[in-house]
>>> print(open('start_32.cif').read())   # mmCIF, C-alpha atoms and all ligand atoms
data_data
#
loop_
_atom_site.label_atom_id
_atom_site.label_comp_id
_atom_site.auth_asym_id
_atom_site.auth_seq_id
_atom_site.Cartn_x
_atom_site.Cartn_y
_atom_site.Cartn_z
CA MET A 1 -48.83 25.61 -41.57
CA ARG A 2 -48.70 28.49 -39.15
CA ILE A 3 -47.69 27.88 -35.61
CA SER A 4 -49.30 30.34 -33.31
CA ARG A 5 -47.14 32.68 -31.28
CA HIS A 6 -48.85 31.32 -28.20
CA LEU A 7 -47.70 27.78 -28.97
CA ILE A 8 -44.08 28.88 -29.56
CA THR A 9 -44.11 30.81 -26.31
CA ALA A 10 -45.49 27.78 -24.54
CA ILE A 11 -42.81 25.44 -26.00
CA VAL A 12 -39.97 27.81 -25.06
CA ALA A 13 -41.36 28.27 -21.57
CA PHE A 14 -41.72 24.49 -21.15
CA SER A 15 -38.15 23.79 -22.29
CA LEU A 16 -36.67 26.43 -20.01
CA GLY A 17 -38.81 25.25 -17.14
CA ALA A 18 -37.83 21.61 -17.64
CA GLY A 19 -34.16 22.59 -17.59
CA LEU A 20 -34.61 24.58 -14.44
CA VAL A 21 -36.52 21.77 -12.75
CA ALA A 22 -33.84 19.24 -13.69
CA GLN A 23 -31.19 21.49 -12.19
CA ARG A 24 -33.11 22.38 -9.08
CA GLY A 25 -34.22 18.76 -8.52
CA GLY A 26 -30.57 17.65 -8.42
CA GLN A 27 -29.34 20.70 -6.53
CA GLY A 28 -27.38 21.80 -9.60
CA THR A 29 -24.25 23.93 -9.23
CA SER A 30 -22.12 25.51 -11.95
CA ILE A 31 -18.33 25.32 -12.01
CA LYS A 32 -15.74 27.04 -14.16
CA PRO A 33 -13.39 25.11 -16.47
CA GLY A 34 -10.72 23.39 -14.39
CA GLU A 35 -12.75 23.54 -11.19
CA GLU A 36 -13.98 20.46 -9.37
CA CYS A 37 -17.54 19.87 -8.26
CA PRO A 38 -18.24 20.58 -4.58
CA ALA A 39 -18.20 17.64 -2.16
CA GLY A 40 -21.10 15.25 -2.66
CA MET A 41 -21.66 16.28 -6.29
CA THR A 42 -20.61 14.95 -9.66
CA GLU A 43 -20.30 16.63 -13.06
CA VAL A 44 -23.40 15.57 -15.01
CA ARG A 45 -22.94 18.00 -17.90
CA PRO A 46 -19.89 20.14 -18.76
CA GLY A 47 -19.66 22.77 -16.03
CA ASN A 48 -22.74 21.51 -14.21
CA CYS A 49 -22.60 19.53 -10.97
CA GLN A 50 -25.40 17.66 -9.34
CA ALA A 51 -25.87 15.61 -6.18
CA PRO A 52 -27.34 12.08 -6.30
CA THR A 53 -31.02 12.10 -5.37
CA ILE A 54 -30.60 9.08 -3.11
CA PRO A 55 -27.84 8.74 -0.51
CA PRO A 56 -24.77 7.26 -2.26
CA PRO A 57 -23.07 4.14 -0.84
CA SER A 58 -19.57 4.68 0.51
CA ILE A 59 -16.59 3.43 -1.52
CA VAL A 60 -16.40 0.54 0.94
CA ASP A 61 -19.93 -0.60 0.12
CA TYR A 62 -20.13 0.14 -3.60
CA ARG A 63 -19.56 -3.23 -5.32
CA PRO A 64 -21.28 -3.08 -8.69
CA HIS A 65 -21.73 -6.40 -10.46
CA SER A 66 -20.35 -6.16 -13.98
CA THR A 67 -22.82 -7.12 -16.70
CA LEU A 68 -20.04 -7.56 -19.24
CA VAL A 69 -20.16 -10.94 -20.94
CA THR A 70 -16.84 -11.97 -22.53
CA PRO A 71 -14.90 -15.22 -22.77
CA GLY A 72 -12.93 -15.80 -19.56
CA HIS A 73 -10.01 -18.14 -18.93
CA PRO A 74 -9.21 -18.47 -15.24
CA ILE A 75 -6.07 -20.55 -14.83
CA GLN A 76 -5.18 -22.71 -11.83
CA LYS A 77 -1.67 -23.79 -12.90
CA ALA A 78 1.06 -21.74 -14.49
CA ARG A 79 1.72 -22.79 -18.09
CA PHE A 80 5.40 -23.44 -17.26
CA PRO A 81 6.99 -24.36 -13.94
CA ALA A 82 7.59 -21.17 -12.00
CA VAL A 83 10.15 -19.88 -9.53
CA ASP A 84 8.50 -17.70 -6.92
CA PHE A 85 11.41 -15.35 -6.34
CA HIS A 86 9.52 -13.39 -3.69
CA GLY A 87 8.44 -16.07 -1.25
CA HIS A 88 7.59 -15.51 2.40
CA PRO A 89 7.10 -19.07 3.66
CA GLY A 90 7.92 -18.03 7.24
CA SER A 91 7.90 -20.99 9.62
CA ARG A 92 6.57 -23.38 6.94
CA ILE A 93 10.14 -24.26 5.97
CA MET A 94 11.23 -24.80 9.57
CA SER A 95 9.41 -28.14 9.97
CA ALA A 96 8.88 -31.24 7.81
CA ASP A 97 5.09 -30.98 8.11
CA GLY A 98 4.99 -27.30 7.23
CA LEU A 99 7.23 -27.89 4.24
CA ALA A 100 5.12 -30.82 2.95
CA ALA A 101 1.90 -28.81 3.26
CA MET A 102 3.43 -25.86 1.38
CA ILE A 103 4.80 -28.06 -1.42
CA ALA A 104 1.32 -29.63 -1.87
CA GLU A 105 -0.05 -26.13 -2.47
CA LEU A 106 2.79 -25.19 -4.84
CA ASP A 107 2.17 -28.39 -6.86
CA LYS A 108 -1.43 -27.34 -7.49
CA LEU A 109 -0.12 -24.07 -8.95
CA ASN A 110 2.88 -25.41 -10.89
CA VAL A 111 5.30 -23.40 -8.76
CA ARG A 112 8.42 -25.56 -8.85
CA ILE A 113 10.64 -23.49 -6.58
CA MET A 114 9.91 -21.21 -3.66
CA VAL A 115 12.70 -18.74 -2.95
CA ALA A 116 12.40 -17.85 0.73
CA ALA A 117 13.06 -14.11 0.98
CA ASP A 118 12.47 -13.89 4.71
CA ASN A 119 15.74 -12.24 5.61
CA VAL A 120 16.94 -15.16 7.73
CA SER A 121 20.49 -15.64 8.93
CA GLY A 122 22.58 -17.73 11.34
CA SER A 123 20.84 -20.49 13.27
CA ARG A 124 17.41 -19.86 11.73
CA LEU A 125 18.82 -20.15 8.23
CA GLN A 126 20.61 -23.37 9.22
CA GLN A 127 17.36 -24.79 10.60
CA ALA A 128 15.60 -24.05 7.32
CA GLU A 129 18.41 -25.57 5.24
CA GLN A 130 18.48 -28.72 7.39
CA THR A 131 14.72 -29.12 7.14
CA ILE A 132 14.85 -28.78 3.35
CA ALA A 133 17.88 -31.08 2.97
CA GLY A 134 16.25 -33.77 5.12
CA SER A 135 13.00 -33.70 3.15
CA PRO A 136 11.94 -35.19 -0.21
CA TYR A 137 11.81 -31.57 -1.52
CA LYS A 138 15.51 -30.64 -1.77
CA ASP A 139 15.05 -28.95 -5.13
CA ARG A 140 11.80 -27.14 -4.30
CA VAL A 141 13.00 -24.42 -1.90
CA ARG A 142 15.98 -22.08 -1.81
CA VAL A 143 16.75 -19.58 0.92
CA LEU A 144 18.09 -16.03 0.74
CA ALA A 145 20.28 -14.69 3.53
CA GLY A 146 19.36 -11.61 5.54
CA ILE A 147 21.67 -8.74 6.41
CA ASP A 148 21.39 -7.23 9.88
CA PHE A 149 21.43 -3.46 9.34
CA ARG A 150 21.28 -2.56 13.02
CA ASP A 151 24.19 -0.66 14.51
CA VAL A 152 25.92 0.29 11.26
CA GLY A 153 29.16 2.12 12.04
CA PRO A 154 32.89 1.38 12.19
CA GLY A 155 33.50 -2.40 12.19
CA TRP A 156 29.96 -3.29 11.13
CA ALA A 157 30.71 -4.28 7.54
CA GLN A 158 33.43 -6.79 8.40
CA LYS A 159 31.07 -8.67 10.74
CA ALA A 160 28.22 -8.51 8.22
CA VAL A 161 30.40 -9.98 5.46
CA GLN A 162 31.61 -12.76 7.77
CA GLN A 163 28.02 -13.65 8.64
CA LEU A 164 27.05 -13.60 4.96
CA GLU A 165 29.90 -15.96 4.08
CA ALA A 166 28.76 -18.32 6.85
CA ASP A 167 25.17 -18.16 5.58
CA VAL A 168 26.30 -18.98 2.05
CA LYS A 169 28.22 -21.97 3.41
CA ALA A 170 25.00 -23.05 5.12
CA GLY A 171 23.21 -22.94 1.75
CA ALA A 172 21.91 -19.41 1.09
CA VAL A 173 21.74 -18.65 -2.65
CA GLY A 174 21.28 -14.88 -2.53
CA VAL A 175 20.52 -11.95 -0.25
CA GLY A 176 17.10 -10.65 0.67
CA GLU A 177 14.63 -9.43 0.93
CA ILE A 178 16.49 -6.27 1.91
CA PRO A 179 13.60 -4.60 3.76
CA LYS A 180 12.08 -1.22 3.01
CA SER A 181 13.12 -0.12 6.49
CA LEU A 182 16.55 0.36 4.90
CA GLY A 183 16.09 3.95 3.85
CA LEU A 184 12.75 4.55 5.53
CA SER A 185 13.54 4.10 9.19
CA ILE A 186 16.71 2.22 10.21
CA THR A 187 19.23 4.44 11.98
CA LYS A 188 22.98 4.17 12.27
CA ARG A 189 24.95 3.84 15.46
CA ASP A 190 25.33 7.63 15.46
CA GLY A 191 21.54 8.07 15.34
CA SER A 192 21.31 9.36 11.77
CA ARG A 193 19.09 7.73 9.14
CA LEU A 194 20.86 4.87 7.37
CA LYS A 195 20.73 5.90 3.72
CA ILE A 196 20.38 3.16 1.11
CA ASP A 197 23.59 4.32 -0.57
CA ASP A 198 25.58 4.73 2.67
CA PRO A 199 29.23 3.91 1.89
CA ASP A 200 29.50 1.94 5.15
CA LEU A 201 27.43 -0.76 3.42
CA ASP A 202 29.64 -0.99 0.33
CA PRO A 203 31.74 -3.99 1.49
CA VAL A 204 28.55 -6.07 1.76
CA TRP A 205 27.44 -5.28 -1.80
CA ASP A 206 30.96 -5.99 -3.04
CA ALA A 207 30.90 -9.34 -1.23
CA CYS A 208 27.62 -10.19 -3.00
CA ALA A 209 29.36 -9.59 -6.34
CA ARG A 210 32.37 -11.70 -5.32
CA LEU A 211 30.12 -14.54 -4.08
CA ASN A 212 27.87 -14.24 -7.18
CA LEU A 213 24.73 -13.70 -5.11
CA PRO A 214 21.73 -11.76 -6.40
CA VAL A 215 20.56 -9.04 -4.01
CA PHE A 216 16.79 -8.87 -3.74
CA ILE A 217 15.85 -5.43 -2.47
CA HIS A 218 12.58 -3.74 -1.54
CA THR A 219 12.88 0.05 -1.48
CA ALA A 220 10.18 2.48 -0.33
CA ASP A 221 6.54 1.69 -1.12
CA PRO A 222 3.99 2.87 -3.71
CA GLN A 223 4.45 6.58 -4.31
CA GLU A 224 0.88 7.33 -3.18
CA PHE A 225 1.82 6.16 0.34
CA PHE A 226 3.94 9.31 0.56
CA GLU A 227 1.18 11.63 -0.66
CA PRO A 228 -1.68 13.33 1.20
CA ILE A 229 -4.58 10.99 1.96
CA ASP A 230 -7.34 12.84 0.17
CA ASN A 231 -9.96 12.07 -2.46
CA HIS A 232 -7.31 12.22 -5.20
CA ASN A 233 -5.14 9.48 -3.71
CA GLU A 234 -5.79 6.23 -5.63
CA ARG A 235 -4.72 4.21 -2.57
CA TRP A 236 -7.05 6.04 -0.19
CA LEU A 237 -8.82 2.91 1.04
CA GLU A 238 -5.59 1.03 1.71
CA LEU A 239 -4.07 3.97 3.55
CA SER A 240 -7.21 4.32 5.56
CA LEU A 241 -7.23 0.62 6.47
CA PHE A 242 -3.49 0.40 7.25
CA PRO A 243 -2.18 3.52 9.00
CA GLY A 244 1.31 1.96 9.13
CA ARG A 245 1.60 2.41 5.36
CA ARG A 246 1.45 6.20 5.56
CA TYR A 247 4.74 8.05 5.25
CA PRO A 248 4.08 11.68 6.13
CA ALA A 249 6.78 14.18 5.18
CA ASP A 250 7.51 15.23 8.74
CA ARG A 251 8.56 11.70 9.73
CA PHE A 252 9.87 9.99 6.60
CA PRO A 253 12.14 10.72 3.63
CA ARG A 254 10.28 11.38 0.38
CA PHE A 255 9.68 8.77 -2.31
CA GLU A 256 12.01 10.44 -4.80
CA GLN A 257 14.75 10.75 -2.18
CA LEU A 258 14.63 6.97 -1.64
CA MET A 259 14.59 6.28 -5.39
CA THR A 260 17.66 8.47 -5.80
CA GLU A 261 19.54 6.66 -3.03
CA ARG A 262 18.54 3.26 -4.49
CA ASP A 263 19.68 4.21 -7.98
CA ASN A 264 22.98 5.52 -6.57
CA LEU A 265 23.48 2.12 -4.94
CA PHE A 266 22.71 0.26 -8.17
CA LYS A 267 25.05 2.47 -10.23
CA ARG A 268 27.90 2.39 -7.75
CA HIS A 269 28.00 -1.43 -7.77
CA PRO A 270 27.74 -2.43 -11.43
CA LYS A 271 29.16 -5.90 -10.70
CA THR A 272 26.50 -6.67 -8.10
CA LYS A 273 23.26 -8.16 -9.44
CA PHE A 274 20.26 -6.39 -7.94
CA VAL A 275 16.64 -7.52 -8.24
CA ALA A 276 14.27 -4.68 -7.40
CA ALA A 277 11.18 -6.04 -5.64
CA HIS A 278 7.73 -4.91 -6.80
CA MET A 279 9.22 -3.68 -10.10
CA GLY A 280 10.93 -0.95 -8.11
CA TRP A 281 7.47 0.61 -7.54
CA HIS A 282 7.59 1.83 -11.12
CA ALA A 283 4.97 -0.53 -12.57
CA ASN A 284 2.74 2.53 -12.84
CA ASP A 285 5.42 4.19 -15.01
CA LEU A 286 7.02 1.44 -17.07
CA ALA A 287 8.91 3.93 -19.24
CA ARG A 288 10.78 4.99 -16.11
CA LEU A 289 11.61 1.37 -15.27
CA GLY A 290 12.76 0.92 -18.86
CA ARG A 291 15.16 3.86 -18.51
CA MET A 292 16.54 2.25 -15.34
CA PHE A 293 17.05 -1.06 -17.14
CA ASP A 294 18.79 0.75 -20.01
CA ALA A 295 21.09 2.69 -17.70
CA MET A 296 21.81 -0.17 -15.23
CA PRO A 297 22.50 -3.54 -16.85
CA ASN A 298 23.02 -5.10 -13.39
CA VAL A 299 19.37 -4.47 -12.39
CA SER A 300 16.37 -6.77 -12.82
CA ALA A 301 12.90 -6.47 -11.33
CA GLU A 302 10.40 -8.78 -9.65
CA LEU A 303 6.67 -8.36 -10.17
CA GLY A 304 5.08 -9.36 -6.84
CA ALA A 305 2.16 -7.34 -5.44
CA VAL A 306 2.01 -4.89 -8.37
CA LEU A 307 -0.35 -6.96 -10.51
CA TYR A 308 -2.91 -4.15 -10.27
CA ASP A 309 -0.57 -1.91 -12.27
CA ILE A 310 0.44 -4.53 -14.84
CA GLY A 311 -3.15 -5.61 -15.46
CA ARG A 312 -4.56 -2.12 -15.98
CA GLN A 313 -2.31 -1.38 -18.99
CA PRO A 314 -2.38 -4.61 -21.01
CA ARG A 315 -0.92 -3.20 -24.24
CA VAL A 316 1.88 -1.15 -22.70
CA ALA A 317 2.72 -3.94 -20.25
CA HIS A 318 2.76 -6.55 -23.02
CA ASP A 319 5.23 -4.52 -25.05
CA PHE A 320 7.34 -3.76 -21.98
CA PHE A 321 7.59 -7.43 -20.97
CA VAL A 322 8.55 -8.40 -24.51
CA LYS A 323 11.20 -5.68 -24.74
CA TYR A 324 12.67 -6.40 -21.29
CA GLN A 325 11.98 -10.13 -21.21
CA ASP A 326 15.43 -10.87 -19.76
CA ARG A 327 14.98 -8.48 -16.84
CA ILE A 328 11.69 -9.46 -15.17
CA LEU A 329 11.16 -12.24 -12.60
CA PHE A 330 7.96 -13.73 -11.31
CA GLY A 331 7.35 -13.39 -7.56
CA LYS A 332 4.24 -13.39 -5.42
CA ASP A 333 5.14 -11.90 -2.00
CA ALA A 334 2.60 -12.92 0.70
CA PHE A 335 2.02 -16.71 0.58
CA GLU A 336 -1.67 -17.08 -0.27
CA PRO A 337 -2.23 -19.96 -2.71
CA SER A 338 -5.61 -18.65 -3.89
CA GLU A 339 -3.97 -15.49 -5.26
CA TYR A 340 -1.39 -17.00 -7.65
CA PRO A 341 -4.01 -17.81 -10.35
CA TYR A 342 -4.65 -14.07 -10.83
CA TYR A 343 -1.00 -13.72 -11.86
CA TRP A 344 -1.24 -16.59 -14.36
CA ARG A 345 -4.38 -15.03 -15.82
CA VAL A 346 -2.85 -11.58 -16.24
CA LEU A 347 0.41 -12.89 -17.68
CA GLU A 348 -0.93 -15.68 -19.93
CA THR A 349 -4.37 -14.68 -21.22
CA ARG A 350 -5.98 -11.90 -23.22
CA ASP A 351 -9.03 -11.82 -20.95
CA ASP A 352 -10.81 -8.50 -20.48
CA TYR A 353 -11.94 -6.71 -17.37
CA PHE A 354 -11.76 -9.25 -14.56
CA ASP A 355 -11.55 -8.92 -10.80
CA TYR A 356 -8.35 -8.44 -8.86
CA TYR A 357 -7.93 -10.22 -5.54
CA ARG A 358 -7.75 -7.19 -3.29
CA ASP A 359 -10.29 -4.41 -3.50
CA TYR A 360 -8.25 -2.10 -1.35
CA HIS A 361 -5.24 -2.19 -3.70
CA ALA A 362 -7.22 -1.06 -6.69
CA PHE A 363 -10.67 0.17 -7.63
CA TRP A 364 -10.26 -1.08 -11.18
CA LYS A 365 -10.39 -4.37 -13.06
CA LEU A 366 -7.54 -6.25 -14.73
CA TYR A 367 -6.81 -7.39 -18.29
CA GLY A 368 -4.58 -10.17 -19.58
CA ILE A 369 -1.30 -9.09 -21.21
CA ASP A 370 -1.03 -12.24 -23.36
CA LEU A 371 2.71 -12.95 -23.14
CA PRO A 372 4.19 -15.29 -25.76
CA ASP A 373 5.57 -18.60 -24.46
CA PRO A 374 9.28 -17.72 -24.84
CA VAL A 375 8.74 -14.60 -22.69
CA LEU A 376 6.67 -16.50 -20.12
CA LYS A 377 9.46 -19.04 -19.70
CA LYS A 378 11.99 -16.31 -18.97
CA VAL A 379 9.71 -14.53 -16.51
CA TYR A 380 8.59 -17.73 -14.79
CA PHE A 381 11.95 -19.47 -14.38
CA ALA A 382 14.82 -18.76 -16.80
CA ASN A 383 15.74 -15.29 -15.55
CA ALA A 384 15.72 -16.42 -11.91
CA ALA A 385 17.86 -19.46 -12.74
CA ARG A 386 20.36 -17.37 -14.73
CA LEU A 387 20.75 -14.75 -11.98
CA THR A 388 20.95 -17.34 -9.19
CA PRO A 389 23.52 -20.09 -9.76
CA GLY A 390 22.29 -21.73 -6.53
CA LEU A 391 18.91 -22.54 -8.11
CA PRO A 392 18.48 -25.91 -9.83
CA GLN A 393 19.78 -25.41 -13.37
CA SER A 394 18.28 -28.52 -14.97
CA GLY A 395 14.83 -29.98 -15.38
CA TRP A 396 13.34 -26.87 -16.96
CA PRO A 397 11.31 -27.00 -20.18
CA GLN A 398 13.29 -26.19 -23.33
ZN ZN B 401 8.48 -9.30 0.48
#
>>> encode(input="start_32.cif", output="structure tokens", more="lines below")
Ligand SMILES: [Zn+2]
Amino acid sequence: MRISRHLITAIVAFSLGAGLVAQRGGQGTSIKPGEECPAGMTEVRPGNCQAPTIPPPSIVDYRPHSTLVTPGHPIQKARFPAVDFHGHPGSRIMSADGLAAMIAELDKLNVRIMVAADNVSGSRLQQAEQTIAGSPYKDRVRVLAGIDFRDVGPGWAQKAVQQLEADVKAGAVGVGEIPKSLGLSITKRDGSRLKIDDPDLDPVWDACARLNLPVFIHTADPQEFFEPIDNHNERWLELSLFPGRRYPADRFPRFEQLMTERDNLFKRHPKTKFVAAHMGWHANDLARLGRMFDAMPNVSAELGAVLYDIGRQPRVAHDFFVKYQDRILFGKDAFEPSEYPYYWRVLETRDDYFDYYRDYHAFWKLYGIDLPDPVLKKVYFANAARLTPGLPQSGWPQ
């Protein structure tokens, strides 16, 4: 069969024309390898950018409903009784009613012990301890002592150690949560920034070793909080919502500077047991946290408020938790009972692609990391109990 030259010409013309129309209709623009599409456009074919033909919703409004159908296993109660090592009960433990209401919530979640990491000291700590001791919930709450880092200079450490000893007598079982303002913003008596590894603080860390108290310490914040707030920052929405979480270079030390000071502190006090809050902000780089664990046997990590990083790498996180099962502690941070079940689901199940509880933390979904029971027990309670002699040591599952 012969195809006429006219027909071939017509087909070629049609194909070219269709391509041109498709490009023109979407306002097509070419880019070179390595270049990004101009604002308002997306790469629809290699090297070819196009704008949506209807106005796109903002990232605040875009909430696509997933059509994925898979088995799901939401969990209300932890499989084993848990210690929440990163509790912020606030005034709930200052009154009998507040305490009873909190314990009722913890019972629904199978959280056996709340560790209050509210940095309390002196009379406030005594009030909490008296409330707990006078309640039916003596073995349900433990309190960490706070250190007052104001006015560090000659004579400070001696007073701080005396106060710590008094707080331990009153019932404190550890120290914390050492706040991120240590390093970020607190100044010394002489006006300079109080560095995390300042030698003036050494007597306090030595006292923690002598008194066998774990030191629960929050250093810096997610590394993106120190980066420019642009369309490449994966915490853009959070930084936009909460201006206080931005740490611009002209006003704050850099993330790596703070990590260096923290690691100096950990290495200089090998007999002091440190628990790095929020997995040291390395949950997005577990290999780095693993190197820290290898180099610093006195360091453990708590997993509160970084569930978005654990749940987006289920295979790597599973292997990491198994390898470092003696070094990771469960903690929740902000007391919001409805949020604990997300932790159980990530840690205990092999569920795929489910929602996280805060859109502004993460634009992605979570996956279960399917920890075996012996690892779950360590993460939920055994590691906390081992590091903290002041926690109840009996009544745990075998
Ligand atoms: Zn906290």
>>> residues_around(input="start_32.cif", residues="A:Leu347", least_positions_apart="3", cutoff="9 Å", atoms="only C-alpha atoms", output="list in words")
Ile310, Gly311, His318, Tyr342, Tyr343, Trp344, Arg350, Gly368, Ile369, Asp370, Leu371 and Leu376 of chain A
>>> residues_near_ligand(input="start_32.cif", ligand="ligand ZN 401 (chain B)", cutoff="9 Å", atoms="only C-alpha atoms and all ligand atoms", output="list in words")
His86, Gly87, His88, Ala117, Asp118, Gly176, Glu177, Ile178, Pro179, Ile217, His218, Ala277, His278, Gly304, Ala305, Lys332, Asp333 and Ala334 of chain A
>>> write_last_selection(input="start_32.cif", atoms="C-alpha atoms", output="compact mmCIF listing (two decimals), keeping the file's coordinate frame")
# COMPACT_ATOMS: atom_id res chain seq x y z
CA HIS A 86 9.52 -13.39 -3.69
CA GLY A 87 8.44 -16.07 -1.25
CA HIS A 88 7.59 -15.51 2.40
CA ALA A 117 13.06 -14.11 0.98
CA ASP A 118 12.47 -13.89 4.71
CA GLY A 176 17.10 -10.65 0.67
CA GLU A 177 14.63 -9.43 0.93
CA ILE A 178 16.49 -6.27 1.91
CA PRO A 179 13.60 -4.60 3.76
CA ILE A 217 15.85 -5.43 -2.47
CA HIS A 218 12.58 -3.74 -1.54
CA ALA A 277 11.18 -6.04 -5.64
CA HIS A 278 7.73 -4.91 -6.80
CA GLY A 304 5.08 -9.36 -6.84
CA ALA A 305 2.16 -7.34 -5.44
CA LYS A 332 4.24 -13.39 -5.42
CA ASP A 333 5.14 -11.90 -2.00
CA ALA A 334 2.60 -12.92 0.70
>>> closest_residue(input="start_32.cif", among="A:Ala317, A:Val115, A:Ala249, A:Leu289", to="A:Pro228", atoms="only C-alpha atoms")
A:Ala249
>>> closest_residue(input="start_32.cif", among="A:Asn110, A:Gln223, A:Asn233, A:Thr53", to="A:Ala283", atoms="only C-alpha atoms")
A:Gln223
>>> residues_around(input="start_32.cif", residues="A:Thr219", least_positions_apart="2", cutoff="12 Å", atoms="all atoms listed in the file", output="PDB file with C-alpha atoms, in the coordinates of the input")
ATOM      1  CA  GLY A 176      17.100 -10.650   0.670  1.00  0.00           C
ATOM      2  CA  GLU A 177      14.630  -9.430   0.930  1.00  0.00           C
ATOM      3  CA  ILE A 178      16.490  -6.270   1.910  1.00  0.00           C
ATOM      4  CA  PRO A 179      13.600  -4.600   3.760  1.00  0.00           C
ATOM      5  CA  LYS A 180      12.080  -1.220   3.010  1.00  0.00           C
ATOM      6  CA  SER A 181      13.120  -0.120   6.490  1.00  0.00           C
ATOM      7  CA  LEU A 182      16.550   0.360   4.900  1.00  0.00           C
ATOM      8  CA  GLY A 183      16.090   3.950   3.850  1.00  0.00           C
ATOM      9  CA  LEU A 184      12.750   4.550   5.530  1.00  0.00           C
ATOM     10  CA  SER A 185      13.540   4.100   9.190  1.00  0.00           C
ATOM     11  CA  LYS A 195      20.730   5.900   3.720  1.00  0.00           C
ATOM     12  CA  ILE A 196      20.380   3.160   1.110  1.00  0.00           C
ATOM     13  CA  ASP A 197      23.590   4.320  -0.570  1.00  0.00           C
ATOM     14  CA  PHE A 216      16.790  -8.870  -3.740  1.00  0.00           C
ATOM     15  CA  ILE A 217      15.850  -5.430  -2.470  1.00  0.00           C
ATOM     16  CA  ASP A 221       6.540   1.690  -1.120  1.00  0.00           C
ATOM     17  CA  PRO A 222       3.990   2.870  -3.710  1.00  0.00           C
ATOM     18  CA  GLN A 223       4.450   6.580  -4.310  1.00  0.00           C
ATOM     19  CA  PRO A 253      12.140  10.720   3.630  1.00  0.00           C
ATOM     20  CA  ARG A 254      10.280  11.380   0.380  1.00  0.00           C
ATOM     21  CA  PHE A 255       9.680   8.770  -2.310  1.00  0.00           C
ATOM     22  CA  GLU A 256      12.010  10.440  -4.800  1.00  0.00           C
ATOM     23  CA  GLN A 257      14.750  10.750  -2.180  1.00  0.00           C
ATOM     24  CA  LEU A 258      14.630   6.970  -1.640  1.00  0.00           C
ATOM     25  CA  MET A 259      14.590   6.280  -5.390  1.00  0.00           C
ATOM     26  CA  THR A 260      17.660   8.470  -5.800  1.00  0.00           C
ATOM     27  CA  GLU A 261      19.540   6.660  -3.030  1.00  0.00           C
ATOM     28  CA  ARG A 262      18.540   3.260  -4.490  1.00  0.00           C
ATOM     29  CA  ASP A 263      19.680   4.210  -7.980  1.00  0.00           C
ATOM     30  CA  LEU A 265      23.480   2.120  -4.940  1.00  0.00           C
ATOM     31  CA  PHE A 266      22.710   0.260  -8.170  1.00  0.00           C
ATOM     32  CA  PHE A 274      20.260  -6.390  -7.940  1.00  0.00           C
ATOM     33  CA  VAL A 275      16.640  -7.520  -8.240  1.00  0.00           C
ATOM     34  CA  ALA A 276      14.270  -4.680  -7.400  1.00  0.00           C
ATOM     35  CA  ALA A 277      11.180  -6.040  -5.640  1.00  0.00           C
ATOM     36  CA  HIS A 278       7.730  -4.910  -6.800  1.00  0.00           C
ATOM     37  CA  MET A 279       9.220  -3.680 -10.100  1.00  0.00           C
ATOM     38  CA  GLY A 280      10.930  -0.950  -8.110  1.00  0.00           C
ATOM     39  CA  TRP A 281       7.470   0.610  -7.540  1.00  0.00           C
ATOM     40  CA  HIS A 282       7.590   1.830 -11.120  1.00  0.00           C
ATOM     41  CA  ALA A 301      12.900  -6.470 -11.330  1.00  0.00           C
TER      42      ALA A 301
END
>>> atom_distance(input="start_32.cif", atom1="atom CA of A:Ser58", atom2="atom CA of A:Arg246")
21.7 Å
>>> build_atoms(input="start_32.cif", residues="stretch 171-180 of chain A", atoms="N, CA and C atoms", output="mmCIF file, in the coordinates of the input")
data_model
loop_
_atom_site.group_PDB
_atom_site.id
_atom_site.type_symbol
_atom_site.label_atom_id
_atom_site.label_comp_id
_atom_site.auth_asym_id
_atom_site.auth_seq_id
_atom_site.Cartn_x
_atom_site.Cartn_y
_atom_site.Cartn_z
ATOM 1 N N GLY A 171 24.107 -22.625 2.864
ATOM 2 C CA GLY A 171 23.210 -22.940 1.750
ATOM 3 C C GLY A 171 22.473 -21.768 1.128
ATOM 4 N N ALA A 172 22.627 -20.556 1.659
ATOM 5 C CA ALA A 172 21.910 -19.410 1.090
ATOM 6 C C ALA A 172 22.363 -19.177 -0.352
ATOM 7 N N VAL A 173 21.424 -18.820 -1.222
ATOM 8 C CA VAL A 173 21.740 -18.650 -2.650
ATOM 9 C C VAL A 173 21.666 -17.194 -3.115
ATOM 10 N N GLY A 174 21.386 -16.294 -2.192
ATOM 11 C CA GLY A 174 21.280 -14.880 -2.530
ATOM 12 C C GLY A 174 21.041 -14.099 -1.254
ATOM 13 N N VAL A 175 20.751 -12.816 -1.402
ATOM 14 C CA VAL A 175 20.520 -11.950 -0.250
ATOM 15 C C VAL A 175 19.134 -11.324 -0.381
ATOM 16 N N GLY A 176 18.370 -11.352 0.714
ATOM 17 C CA GLY A 176 17.100 -10.650 0.670
ATOM 18 C C GLY A 176 16.041 -11.248 1.583
ATOM 19 N N GLU A 177 14.973 -10.676 1.575
ATOM 20 C CA GLU A 177 14.630 -9.430 0.930
ATOM 21 C C GLU A 177 15.157 -8.303 1.784
ATOM 22 N N ILE A 178 16.072 -7.486 1.199
ATOM 23 C CA ILE A 178 16.490 -6.270 1.910
ATOM 24 C C ILE A 178 15.216 -5.475 2.173
ATOM 25 N N PRO A 179 14.918 -5.174 3.448
ATOM 26 C CA PRO A 179 13.600 -4.600 3.760
ATOM 27 C C PRO A 179 13.514 -3.105 3.447
ATOM 28 N N LYS A 180 12.285 -2.632 3.307
ATOM 29 C CA LYS A 180 12.080 -1.220 3.010
ATOM 30 C C LYS A 180 12.529 -0.321 4.165
#
